[in-house]
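A.B. asks: My questions all concern the structure below.
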Amino acid sequence: VFAGGSRCRAGGRAPLGYKLKHTATGAIRNSVAVKKSTLVVDPGPAAQVKAFLKGRAAGLPRNEAAKRAGCDCVQLFTKNNNQWAGKPITGEDAARFKESLANLGIGHPIAHNSYLINLATPNQDFHNKSTKALIDEIQRAEQVRIPDVVLHPGSPVDGSPEYGMKKIIESLNLCIEKTKDARARISLELTAGQGSHLGYTFEQIAEMIFGVEN
């Protein structure tokens, strides 16, 4: 799943007729390229399967689990997905993780961030925790050379969609600015639109990406 701007990407369920490139958590996903001027669907050359598995010790045990399942790419958590903070990744952890990827032939690791993060929340304390946590997720991914961090954009709770979109865009710019030396990108996940959650249309995802300054 790909989207333009150097640090922000998008992905979602593939409508019938699209050639498939990625699957994750059982949902079929199409490859999407978003440039500053247009939204382009790029089917990609071949199908690719991801295993969505919880990570432990920077994901090391899960690389092996993914390989046993016949996968050549893996999506994992670099820490507990229901906590704000995580055990630091040591240099030894990072080295073992990268060596594991190479030895097992897993070419595309992806990190999924904490489910607690909500960039659209009107609660300022919760928002501060969310941006801090996303910055940490990007830095953790950078440590182990994971190129993408999957993010659920968030919900304005009882606020308006317009308010939520504004908060998400501001938050993305803040987190990218705070991690400007990192190569890890934010991958915006298309949501099901449950409740007031945003990011359930390509138009919303495109608006978020077009609002990113870097």
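Residue numbers start at 1 in each chain; chains themselves are named A, B, ... in the order of the structure tokens; ligands are numbered from 1 in the order shown.
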Write out as a list in words which residues come within 8 Å of Gly199 in chain A when counting only C-alpha atoms, dropping same-chain ones fewer than 5 positions away.

C.D. replies: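 Contacts, with the query itself left out: His152, Pro153, Gly154, Leu188, Glu189, Leu190, Thr191, Gly193, Gln204 and Ile205 of chain A.
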
A.B. asks: List the spatial neighbours of Ser114 in chain A as a compact mmCIF listing (two decimals) with N, CA and C atoms, in the first residue's frame - criterion: any atom at most 12 Å away, only C-alpha atoms, same-chain residues fewer than 2 positions off excluded.

C.D. replies:
```txt
# COMPACT_ATOMS: atom_id res chain seq x y z
N LYS A 54 1.53 -10.27 16.59
CA LYS A 54 2.10 -9.47 17.65
C LYS A 54 3.60 -9.71 17.78
N GLY A 55 4.35 -8.63 17.99
CA GLY A 55 5.79 -8.76 18.13
C GLY A 55 6.21 -8.89 19.58
N LEU A 76 3.83 -6.46 12.29
CA LEU A 76 3.93 -6.78 13.71
C LEU A 76 3.85 -5.53 14.56
N PHE A 77 3.69 -5.72 15.87
CA PHE A 77 3.79 -4.65 16.84
C PHE A 77 5.20 -4.67 17.41
N THR A 78 5.82 -3.50 17.56
CA THR A 78 7.15 -3.46 18.16
C THR A 78 7.08 -3.35 19.69
N LYS A 79 5.85 -3.22 20.21
CA LYS A 79 5.63 -3.20 21.66
C LYS A 79 4.18 -3.60 21.91
N ASN A 80 3.78 -3.67 23.17
CA ASN A 80 2.40 -4.00 23.50
C ASN A 80 1.47 -2.97 22.85
N ASN A 81 0.48 -3.44 22.09
CA ASN A 81 -0.35 -2.53 21.31
C ASN A 81 -1.44 -1.84 22.14
N ASN A 82 -1.56 -2.19 23.42
CA ASN A 82 -2.56 -1.55 24.28
C ASN A 82 -1.92 -0.80 25.44
N GLN A 83 -0.66 -0.40 25.25
CA GLN A 83 0.04 0.41 26.25
C GLN A 83 0.69 1.60 25.56
N TRP A 84 0.82 2.70 26.30
CA TRP A 84 1.45 3.89 25.72
C TRP A 84 2.95 3.72 25.55
N ALA A 85 3.60 3.17 26.54
CA ALA A 85 5.06 3.03 26.51
C ALA A 85 5.43 1.57 26.28
N GLY A 86 6.63 1.37 25.78
CA GLY A 86 7.11 0.01 25.55
C GLY A 86 8.54 -0.16 26.01
N ALA A 111 5.36 -2.29 10.67
CA ALA A 111 4.93 -2.17 12.07
C ALA A 111 3.53 -1.57 12.13
N HIS A 112 2.71 -2.07 13.03
CA HIS A 112 1.40 -1.46 13.30
C HIS A 112 1.50 -0.78 14.66
N LEU A 116 -4.15 2.60 21.01
CA LEU A 116 -4.55 3.71 21.87
C LEU A 116 -4.47 5.06 21.15
N ILE A 117 -3.63 5.17 20.15
CA ILE A 117 -3.37 6.44 19.49
C ILE A 117 -4.62 6.96 18.78
N ASN A 118 -4.95 8.21 19.05
CA ASN A 118 -6.08 8.88 18.39
C ASN A 118 -5.69 10.32 18.10
N LEU A 119 -5.30 10.59 16.86
CA LEU A 119 -4.84 11.92 16.48
C LEU A 119 -5.98 12.93 16.35
N LYS A 129 -0.64 12.49 24.48
CA LYS A 129 -0.15 11.11 24.61
C LYS A 129 -0.10 10.43 23.25
N SER A 130 -1.07 10.72 22.39
CA SER A 130 -1.15 10.08 21.07
C SER A 130 0.00 10.52 20.17
N THR A 131 0.26 11.81 20.12
CA THR A 131 1.36 12.28 19.26
C THR A 131 2.71 11.80 19.80
N LYS A 132 2.87 11.82 21.11
CA LYS A 132 4.11 11.30 21.71
C LYS A 132 4.30 9.83 21.38
N ALA A 133 3.20 9.07 21.45
CA ALA A 133 3.28 7.63 21.17
C ALA A 133 3.57 7.37 19.70
N LEU A 134 3.00 8.15 18.78
CA LEU A 134 3.27 7.96 17.36
C LEU A 134 4.72 8.27 17.04
N ILE A 135 5.25 9.33 17.64
CA ILE A 135 6.67 9.65 17.45
C ILE A 135 7.53 8.48 17.92
N ASP A 136 7.18 7.92 19.06
CA ASP A 136 7.93 6.76 19.58
C ASP A 136 7.82 5.57 18.64
N GLU A 137 6.64 5.33 18.08
CA GLU A 137 6.45 4.21 17.16
C GLU A 137 7.33 4.38 15.92
N ILE A 138 7.41 5.59 15.40
CA ILE A 138 8.26 5.86 14.23
C ILE A 138 9.72 5.63 14.58
N VAL A 149 4.98 2.40 9.22
CA VAL A 149 4.22 2.28 10.47
C VAL A 149 2.75 2.52 10.15
N VAL A 150 1.92 1.50 10.34
CA VAL A 150 0.50 1.60 10.03
C VAL A 150 -0.23 2.35 11.14
N LEU A 151 -1.07 3.31 10.73
CA LEU A 151 -1.78 4.17 11.67
C LEU A 151 -3.27 4.21 11.35
N HIS A 152 -4.14 4.00 12.37
CA HIS A 152 -5.56 4.31 12.25
C HIS A 152 -5.68 5.81 12.49
N PRO A 153 -6.21 6.59 11.53
CA PRO A 153 -6.18 8.05 11.66
C PRO A 153 -6.80 8.59 12.94
N GLY A 154 -7.95 8.05 13.35
CA GLY A 154 -8.52 8.50 14.61
C GLY A 154 -9.97 8.94 14.51
```

A.B. asks: Can you work out which one of A:Pro147, A:Glu203, A:Lys178, A:Gly211 has the shortest atom-to-atom distance to Lys166 in chain A, counting only C-alpha atoms?

C.D. replies: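 Going through A:Pro147, A:Glu203, A:Lys178, A:Gly211 one by one, the smallest distance to Lys166 in chain A is for A:Gly211.
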
A.B. asks: Mind pulling up the distance from CA of Gln143 in chain A to CA of Arg68 in chain A?

C.D. replies: 25.0 Å

A.B. asks: Give me, please, the distance in Å between CA of Val144 in chain A and CA of Ala94 in chain A, quoted to one decimal.

C.D. replies: 4.9 Å
